[in-house]
Amino acid sequence: MLKLSAAVLAGILFSPAGLCAQTRTLGIGHVARTDAVNAIDIDVLPDGQGLPPGSGSAVEGRAVYAARCAACHGPTGVEGPNDILVGGQASLRTARPLKTVGSFWPYATTLWDYINRAMPFAEPRSLAADDVYAVTAYVLFLNGIVTERQMLSQDTLAQVKMPNRTGFVPDDRANENLPRK
Ligand code: HEC
């Protein structure tokens, strides 16, 4: 969850002055209002924390996809012209890995988050929560991961088992800034 509290934002705004003289401020900015912070606090964690109320299945998602996604991702998610969303399962270990939602993405919850924050590409954040649940369900349905009538909601989305859920390993390097060996 976004950890941007009013105190932190005030700290960012005022810290250069604060470093020189504890009491001096620049007299600019204002304390972040709760509603302004909440408006950008949209991240969803893998376990589903942060999902807003709502629900949808691939039955409703089909129409959302056709109207808002198909032009760029193809009628069934494999045609493009932009990223291929469907297929590729079992291709990751081959010479030509095809990374799609079905073959690569480890969590359905972060798929919801990505669609909600970034798609449609030219109109991000224009979909209602129910439409995001529905179109997420439809993309998962096209990948054979959920059934057409399976209702996804803030309570059930995290339970969806993605095919590549166990395909990632933790980065055990002590410091990510160290050069790779
Ligand atoms: C105007 C074209 C356009 C539309 C419409 C569009 N997308 Fe995208 N989509 C893109 C592009 C371009 C990318 C790659 C973005 C990037 O890599 O930063 C992308 C990436 C994605 C990805 C990530 C693919 C991956 O595996 O990395 C998903 C999922 C996705 N779109 C879903 C959707 C859904 C669902 C809709 C409809 C609600 C939609 N897109 C509408 C152009 C579009």
# chains A, B, ... in the order shown; residues from 1 in each chain; ligands from 1

call {"tool": "residues_around", "arguments": {"residues": "segment 134-143 of chain A", "least_positions_apart": "4", "cutoff": "8 Å", "atoms": "only C-alpha atoms", "output": "NGL selection string"}}
result
:A and (55-62 or 64-65 or 76-77 or 85-87 or 101-102 or 108 or 111-112 or 115 or 130 or 147-148 or 150-152)

call {"tool": "write_last_selection", "arguments": {"atoms": "N, CA and C atoms", "output": "PDB file, in the first residue's frame"}}
result
ATOM      1  N   SER A  55     -16.891  -6.852  -8.895  1.00  0.00           N
ATOM      2  CA  SER A  55     -16.848  -8.231  -9.393  1.00  0.00           C
ATOM      3  C   SER A  55     -17.154  -8.248 -10.881  1.00  0.00           C
ATOM      4  N   GLY A  56     -16.823  -9.368 -11.497  1.00  0.00           N
ATOM      5  CA  GLY A  56     -17.132  -9.542 -12.912  1.00  0.00           C
ATOM      6  C   GLY A  56     -16.646 -10.891 -13.386  1.00  0.00           C
ATOM      7  N   SER A  57     -17.241 -11.374 -14.460  1.00  0.00           N
ATOM      8  CA  SER A  57     -16.801 -12.638 -15.059  1.00  0.00           C
ATOM      9  C   SER A  57     -16.484 -12.396 -16.532  1.00  0.00           C
ATOM     10  N   ALA A  58     -15.960 -13.430 -17.174  1.00  0.00           N
ATOM     11  CA  ALA A  58     -15.617 -13.309 -18.590  1.00  0.00           C
ATOM     12  C   ALA A  58     -16.849 -13.053 -19.457  1.00  0.00           C
ATOM     13  N   VAL A  59     -18.030 -13.423 -18.946  1.00  0.00           N
ATOM     14  CA  VAL A  59     -19.254 -13.185 -19.718  1.00  0.00           C
ATOM     15  C   VAL A  59     -19.416 -11.688 -19.990  1.00  0.00           C
ATOM     16  N   GLU A  60     -19.218 -10.872 -18.925  1.00  0.00           N
ATOM     17  CA  GLU A  60     -19.304  -9.418 -19.136  1.00  0.00           C
ATOM     18  C   GLU A  60     -18.007  -8.879 -19.739  1.00  0.00           C
ATOM     19  N   GLY A  61     -16.902  -9.527 -19.418  1.00  0.00           N
ATOM     20  CA  GLY A  61     -15.607  -9.048 -19.873  1.00  0.00           C
ATOM     21  C   GLY A  61     -15.439  -9.116 -21.383  1.00  0.00           C
ATOM     22  N   ARG A  62     -16.165 -10.017 -22.021  1.00  0.00           N
ATOM     23  CA  ARG A  62     -16.054 -10.171 -23.479  1.00  0.00           C
ATOM     24  C   ARG A  62     -16.353  -8.856 -24.188  1.00  0.00           C
ATOM     25  N   VAL A  64     -16.322  -5.765 -22.855  1.00  0.00           N
ATOM     26  CA  VAL A  64     -15.331  -4.747 -22.485  1.00  0.00           C
ATOM     27  C   VAL A  64     -14.090  -4.943 -23.339  1.00  0.00           C
ATOM     28  N   TYR A  65     -13.653  -6.194 -23.462  1.00  0.00           N
ATOM     29  CA  TYR A  65     -12.446  -6.490 -24.232  1.00  0.00           C
ATOM     30  C   TYR A  65     -12.625  -6.074 -25.698  1.00  0.00           C
ATOM     31  N   THR A  76      -8.638 -12.159 -30.119  1.00  0.00           N
ATOM     32  CA  THR A  76      -8.549 -13.228 -29.117  1.00  0.00           C
ATOM     33  C   THR A  76      -7.257 -13.137 -28.298  1.00  0.00           C
ATOM     34  N   GLY A  77      -6.600 -11.988 -28.359  1.00  0.00           N
ATOM     35  CA  GLY A  77      -5.431 -11.775 -27.514  1.00  0.00           C
ATOM     36  C   GLY A  77      -4.125 -12.311 -28.075  1.00  0.00           C
ATOM     37  N   LEU A  85      -1.349 -11.392 -25.321  1.00  0.00           N
ATOM     38  CA  LEU A  85      -1.813 -11.628 -23.950  1.00  0.00           C
ATOM     39  C   LEU A  85      -2.116 -13.092 -23.671  1.00  0.00           C
ATOM     40  N   VAL A  86      -2.207 -13.897 -24.728  1.00  0.00           N
ATOM     41  CA  VAL A  86      -2.727 -15.259 -24.587  1.00  0.00           C
ATOM     42  C   VAL A  86      -1.766 -16.267 -25.202  1.00  0.00           C
ATOM     43  N   GLY A  87      -1.623 -17.414 -24.543  1.00  0.00           N
ATOM     44  CA  GLY A  87      -0.821 -18.514 -25.085  1.00  0.00           C
ATOM     45  C   GLY A  87       0.587 -18.524 -24.532  1.00  0.00           C
ATOM     46  N   VAL A 101       0.181 -13.205 -20.354  1.00  0.00           N
ATOM     47  CA  VAL A 101      -0.493 -13.323 -19.058  1.00  0.00           C
ATOM     48  C   VAL A 101      -0.553 -14.796 -18.648  1.00  0.00           C
ATOM     49  N   GLY A 102      -0.858 -15.668 -19.609  1.00  0.00           N
ATOM     50  CA  GLY A 102      -1.012 -17.086 -19.288  1.00  0.00           C
ATOM     51  C   GLY A 102       0.296 -17.810 -19.029  1.00  0.00           C
ATOM     52  N   ALA A 108      -2.907 -13.101 -10.524  1.00  0.00           N
ATOM     53  CA  ALA A 108      -4.058 -12.476 -11.170  1.00  0.00           C
ATOM     54  C   ALA A 108      -4.317 -11.092 -10.581  1.00  0.00           C
ATOM     55  N   LEU A 111      -2.328  -8.504 -12.315  1.00  0.00           N
ATOM     56  CA  LEU A 111      -2.916  -8.268 -13.639  1.00  0.00           C
ATOM     57  C   LEU A 111      -4.038  -7.236 -13.496  1.00  0.00           C
ATOM     58  N   TRP A 112      -4.871  -7.429 -12.473  1.00  0.00           N
ATOM     59  CA  TRP A 112      -5.947  -6.452 -12.199  1.00  0.00           C
ATOM     60  C   TRP A 112      -5.335  -5.064 -12.007  1.00  0.00           C
ATOM     61  N   ILE A 115      -3.991  -3.585 -15.409  1.00  0.00           N
ATOM     62  CA  ILE A 115      -5.061  -3.137 -16.305  1.00  0.00           C
ATOM     63  C   ILE A 115      -5.702  -1.878 -15.732  1.00  0.00           C
ATOM     64  N   ASP A 130     -15.735  -2.702 -11.740  1.00  0.00           N
ATOM     65  CA  ASP A 130     -16.405  -3.920 -12.228  1.00  0.00           C
ATOM     66  C   ASP A 130     -15.910  -4.306 -13.623  1.00  0.00           C
ATOM     67  N   THR A 147     -13.031 -20.296 -15.786  1.00  0.00           N
ATOM     68  CA  THR A 147     -14.143 -20.626 -16.674  1.00  0.00           C
ATOM     69  C   THR A 147     -14.864 -19.336 -17.052  1.00  0.00           C
ATOM     70  N   GLU A 148     -15.726 -19.442 -18.068  1.00  0.00           N
ATOM     71  CA  GLU A 148     -16.377 -18.238 -18.569  1.00  0.00           C
ATOM     72  C   GLU A 148     -17.285 -17.604 -17.517  1.00  0.00           C
ATOM     73  N   GLN A 150     -17.008 -17.964 -14.188  1.00  0.00           N
ATOM     74  CA  GLN A 150     -16.373 -17.790 -12.874  1.00  0.00           C
ATOM     75  C   GLN A 150     -16.360 -16.311 -12.478  1.00  0.00           C
ATOM     76  N   MET A 151     -16.990 -15.998 -11.352  1.00  0.00           N
ATOM     77  CA  MET A 151     -17.094 -14.611 -10.893  1.00  0.00           C
ATOM     78  C   MET A 151     -15.846 -14.252 -10.097  1.00  0.00           C
ATOM     79  N   LEU A 152     -15.163 -13.204 -10.525  1.00  0.00           N
ATOM     80  CA  LEU A 152     -13.985 -12.757  -9.776  1.00  0.00           C
ATOM     81  C   LEU A 152     -14.329 -11.480  -9.012  1.00  0.00           C
TER      82      LEU A 152
END

call {"tool": "residues_near_ligand", "arguments": {"ligand": "ligand 1", "cutoff": "8 Å", "atoms": "only C-alpha atoms and all ligand atoms", "output": "PDB file with N, CA and C atoms, in the first residue's frame"}}
result
ATOM      1  N   VAL A  64     -16.322  -5.765 -22.855  1.00  0.00           N
ATOM      2  CA  VAL A  64     -15.331  -4.747 -22.485  1.00  0.00           C
ATOM      3  C   VAL A  64     -14.090  -4.943 -23.339  1.00  0.00           C
ATOM      4  N   TYR A  65     -13.653  -6.194 -23.462  1.00  0.00           N
ATOM      5  CA  TYR A  65     -12.446  -6.490 -24.232  1.00  0.00           C
ATOM      6  C   TYR A  65     -12.625  -6.074 -25.698  1.00  0.00           C
ATOM      7  N   ALA A  67     -14.553  -3.858 -27.001  1.00  0.00           N
ATOM      8  CA  ALA A  67     -14.663  -2.411 -27.194  1.00  0.00           C
ATOM      9  C   ALA A  67     -13.376  -1.676 -26.830  1.00  0.00           C
ATOM     10  N   ARG A  68     -12.657  -2.144 -25.806  1.00  0.00           N
ATOM     11  CA  ARG A  68     -11.576  -1.339 -25.243  1.00  0.00           C
ATOM     12  C   ARG A  68     -10.177  -1.931 -25.429  1.00  0.00           C
ATOM     13  N   CYS A  69     -10.058  -3.194 -25.833  1.00  0.00           N
ATOM     14  CA  CYS A  69      -8.740  -3.836 -25.851  1.00  0.00           C
ATOM     15  C   CYS A  69      -8.388  -4.473 -27.203  1.00  0.00           C
ATOM     16  N   ALA A  70      -9.392  -4.991 -27.893  1.00  0.00           N
ATOM     17  CA  ALA A  70      -9.133  -5.839 -29.064  1.00  0.00           C
ATOM     18  C   ALA A  70      -8.361  -5.110 -30.159  1.00  0.00           C
ATOM     19  N   ALA A  71      -8.579  -3.789 -30.295  1.00  0.00           N
ATOM     20  CA  ALA A  71      -7.916  -3.057 -31.384  1.00  0.00           C
ATOM     21  C   ALA A  71      -6.394  -3.179 -31.287  1.00  0.00           C
ATOM     22  N   CYS A  72      -5.873  -3.255 -30.080  1.00  0.00           N
ATOM     23  CA  CYS A  72      -4.420  -3.309 -29.897  1.00  0.00           C
ATOM     24  C   CYS A  72      -3.899  -4.713 -29.585  1.00  0.00           C
ATOM     25  N   HIS A  73      -4.733  -5.536 -28.952  1.00  0.00           N
ATOM     26  CA  HIS A  73      -4.243  -6.855 -28.537  1.00  0.00           C
ATOM     27  C   HIS A  73      -4.832  -7.995 -29.375  1.00  0.00           C
ATOM     28  N   ASN A  82      -0.171  -5.005 -30.594  1.00  0.00           N
ATOM     29  CA  ASN A  82       0.614  -4.811 -29.372  1.00  0.00           C
ATOM     30  C   ASN A  82       0.742  -6.137 -28.630  1.00  0.00           C
ATOM     31  N   ASP A  83       1.209  -6.065 -27.368  1.00  0.00           N
ATOM     32  CA  ASP A  83       1.587  -7.268 -26.617  1.00  0.00           C
ATOM     33  C   ASP A  83       0.577  -8.425 -26.756  1.00  0.00           C
ATOM     34  N   ILE A  84       1.117  -9.609 -26.948  1.00  0.00           N
ATOM     35  CA  ILE A  84       0.301 -10.822 -27.010  1.00  0.00           C
ATOM     36  C   ILE A  84      -0.057 -11.221 -25.581  1.00  0.00           C
ATOM     37  N   LEU A  85      -1.349 -11.392 -25.321  1.00  0.00           N
ATOM     38  CA  LEU A  85      -1.813 -11.628 -23.950  1.00  0.00           C
ATOM     39  C   LEU A  85      -2.116 -13.092 -23.671  1.00  0.00           C
ATOM     40  N   LYS A  99       6.212 -14.580 -23.566  1.00  0.00           N
ATOM     41  CA  LYS A  99       5.717 -14.164 -22.258  1.00  0.00           C
ATOM     42  C   LYS A  99       4.353 -13.503 -22.395  1.00  0.00           C
ATOM     43  N   THR A 100       3.345 -14.165 -21.879  1.00  0.00           N
ATOM     44  CA  THR A 100       1.982 -13.629 -21.899  1.00  0.00           C
ATOM     45  C   THR A 100       1.426 -13.672 -20.481  1.00  0.00           C
ATOM     46  N   VAL A 101       0.181 -13.205 -20.354  1.00  0.00           N
ATOM     47  CA  VAL A 101      -0.493 -13.323 -19.058  1.00  0.00           C
ATOM     48  C   VAL A 101      -0.553 -14.796 -18.648  1.00  0.00           C
ATOM     49  N   PHE A 104       3.393 -16.275 -18.243  1.00  0.00           N
ATOM     50  CA  PHE A 104       4.418 -15.592 -17.461  1.00  0.00           C
ATOM     51  C   PHE A 104       3.928 -14.986 -16.148  1.00  0.00           C
ATOM     52  N   TRP A 105       2.789 -14.329 -16.170  1.00  0.00           N
ATOM     53  CA  TRP A 105       2.361 -13.550 -14.991  1.00  0.00           C
ATOM     54  C   TRP A 105       2.092 -14.467 -13.798  1.00  0.00           C
ATOM     55  N   LEU A 111      -2.328  -8.504 -12.315  1.00  0.00           N
ATOM     56  CA  LEU A 111      -2.916  -8.268 -13.639  1.00  0.00           C
ATOM     57  C   LEU A 111      -4.038  -7.236 -13.496  1.00  0.00           C
ATOM     58  N   TYR A 114      -2.479  -3.873 -13.021  1.00  0.00           N
ATOM     59  CA  TYR A 114      -1.874  -3.317 -14.240  1.00  0.00           C
ATOM     60  C   TYR A 114      -2.943  -2.782 -15.184  1.00  0.00           C
ATOM     61  N   ILE A 115      -3.991  -3.585 -15.409  1.00  0.00           N
ATOM     62  CA  ILE A 115      -5.061  -3.137 -16.305  1.00  0.00           C
ATOM     63  C   ILE A 115      -5.702  -1.878 -15.732  1.00  0.00           C
ATOM     64  N   ALA A 118      -3.057   1.091 -16.072  1.00  0.00           N
ATOM     65  CA  ALA A 118      -2.343   1.401 -17.318  1.00  0.00           C
ATOM     66  C   ALA A 118      -3.123   1.182 -18.610  1.00  0.00           C
ATOM     67  N   MET A 119      -4.258   0.487 -18.561  1.00  0.00           N
ATOM     68  CA  MET A 119      -4.966   0.164 -19.792  1.00  0.00           C
ATOM     69  C   MET A 119      -6.388   0.712 -19.773  1.00  0.00           C
ATOM     70  N   PRO A 120      -7.014   1.006 -20.927  1.00  0.00           N
ATOM     71  CA  PRO A 120      -6.407   1.003 -22.249  1.00  0.00           C
ATOM     72  C   PRO A 120      -5.245   2.001 -22.330  1.00  0.00           C
ATOM     73  N   PHE A 121      -4.288   1.649 -23.157  1.00  0.00           N
ATOM     74  CA  PHE A 121      -3.023   2.373 -23.228  1.00  0.00           C
ATOM     75  C   PHE A 121      -3.214   3.887 -23.336  1.00  0.00           C
ATOM     76  N   ALA A 122      -4.160   4.323 -24.172  1.00  0.00           N
ATOM     77  CA  ALA A 122      -4.345   5.758 -24.398  1.00  0.00           C
ATOM     78  C   ALA A 122      -5.324   6.385 -23.411  1.00  0.00           C
ATOM     79  N   GLU A 123      -6.012   5.552 -22.623  1.00  0.00           N
ATOM     80  CA  GLU A 123      -7.003   6.076 -21.666  1.00  0.00           C
ATOM     81  C   GLU A 123      -6.883   5.375 -20.320  1.00  0.00           C
ATOM     82  N   LEU A 127     -11.492   2.812 -16.767  1.00  0.00           N
ATOM     83  CA  LEU A 127     -12.411   1.685 -16.572  1.00  0.00           C
ATOM     84  C   LEU A 127     -12.948   1.674 -15.145  1.00  0.00           C
ATOM     85  N   VAL A 132     -12.922  -3.702 -14.786  1.00  0.00           N
ATOM     86  CA  VAL A 132     -11.575  -4.261 -14.659  1.00  0.00           C
ATOM     87  C   VAL A 132     -11.671  -5.719 -14.198  1.00  0.00           C
ATOM     88  N   VAL A 135     -12.881  -7.691 -17.361  1.00  0.00           N
ATOM     89  CA  VAL A 135     -11.926  -7.864 -18.461  1.00  0.00           C
ATOM     90  C   VAL A 135     -10.708  -8.683 -17.994  1.00  0.00           C
ATOM     91  N   THR A 136     -10.363  -8.582 -16.711  1.00  0.00           N
ATOM     92  CA  THR A 136      -9.324  -9.459 -16.158  1.00  0.00           C
ATOM     93  C   THR A 136      -9.797 -10.912 -16.289  1.00  0.00           C
ATOM     94  N   VAL A 139      -9.499 -12.057 -19.948  1.00  0.00           N
ATOM     95  CA  VAL A 139      -8.125 -12.380 -20.367  1.00  0.00           C
ATOM     96  C   VAL A 139      -7.697 -13.721 -19.746  1.00  0.00           C
TER      97      VAL A 139
END

call {"tool": "closest_residue", "arguments": {"among": "A:Gly50, A:Leu98, A:Val31, A:Pro170", "to": "Val78 of chain A", "atoms": "only C-alpha atoms"}}
result
A:Leu98

call {"tool": "closest_residue", "arguments": {"among": "A:Ile145, A:Ala63, A:Ser91, A:His30", "to": "Asp131 of chain A", "atoms": "only C-alpha atoms"}}
result
A:Ala63

call {"tool": "residues_around", "arguments": {"residues": "Asp43 of chain A", "least_positions_apart": "3", "cutoff": "12 Å", "atoms": "only C-alpha atoms", "output": "list in words"}}
result
Met1, Leu2, Lys3, Asn38, Ala39, Ile40, Pro46, Asp47, Gly48, Gln49, Gly50, Leu51, Pro52, Thr109, Thr110, Leu111, Trp112, Asp113, Tyr114, Ile115, Asn116, Arg117 and Ala118 of chain A

call {"tool": "closest_residue", "arguments": {"among": "A:Asn164, A:Thr23, A:Thr34, A:Asn177", "to": "Arg93 of chain A", "atoms": "only C-alpha atoms"}}
result
A:Asn164

call {"tool": "select_by_dssp", "arguments": {"residues": "segment 87-144 of chain A", "states": "helix (DSSP H, G or I)", "output": "PyMOL selection string"}}
result
chain A and resi 108-118+129-142

call {"tool": "atom_distance", "arguments": {"atom1": "atom CA of Ser103 of chain A", "atom2": "atom CA of Gly88 of chain A"}}
result
5.4 Å

call {"tool": "select_by_dssp", "arguments": {"residues": "segment 14-156 of chain A", "states": "strand (DSSP E)", "output": "ChimeraX atom specification"}}
result
/A:55-56,152-153

call {"tool": "write_last_selection", "arguments": {"atoms": "N, CA and C atoms", "output": "mmCIF file, in the first residue's frame"}}
result
data_model
loop_
_atom_site.group_PDB
_atom_site.id
_atom_site.type_symbol
_atom_site.label_atom_id
_atom_site.label_comp_id
_atom_site.auth_asym_id
_atom_site.auth_seq_id
_atom_site.Cartn_x
_atom_site.Cartn_y
_atom_site.Cartn_z
ATOM 1 N N SER A 55 -16.891 -6.852 -8.895
ATOM 2 C CA SER A 55 -16.848 -8.231 -9.393
ATOM 3 C C SER A 55 -17.154 -8.248 -10.881
ATOM 4 N N GLY A 56 -16.823 -9.368 -11.497
ATOM 5 C CA GLY A 56 -17.132 -9.542 -12.912
ATOM 6 C C GLY A 56 -16.646 -10.891 -13.386
ATOM 7 N N LEU A 152 -15.163 -13.204 -10.525
ATOM 8 C CA LEU A 152 -13.985 -12.757 -9.776
ATOM 9 C C LEU A 152 -14.329 -11.480 -9.012
ATOM 10 N N SER A 153 -13.833 -11.386 -7.796
ATOM 11 C CA SER A 153 -14.132 -10.227 -6.959
ATOM 12 C C SER A 153 -12.927 -9.937 -6.074
#
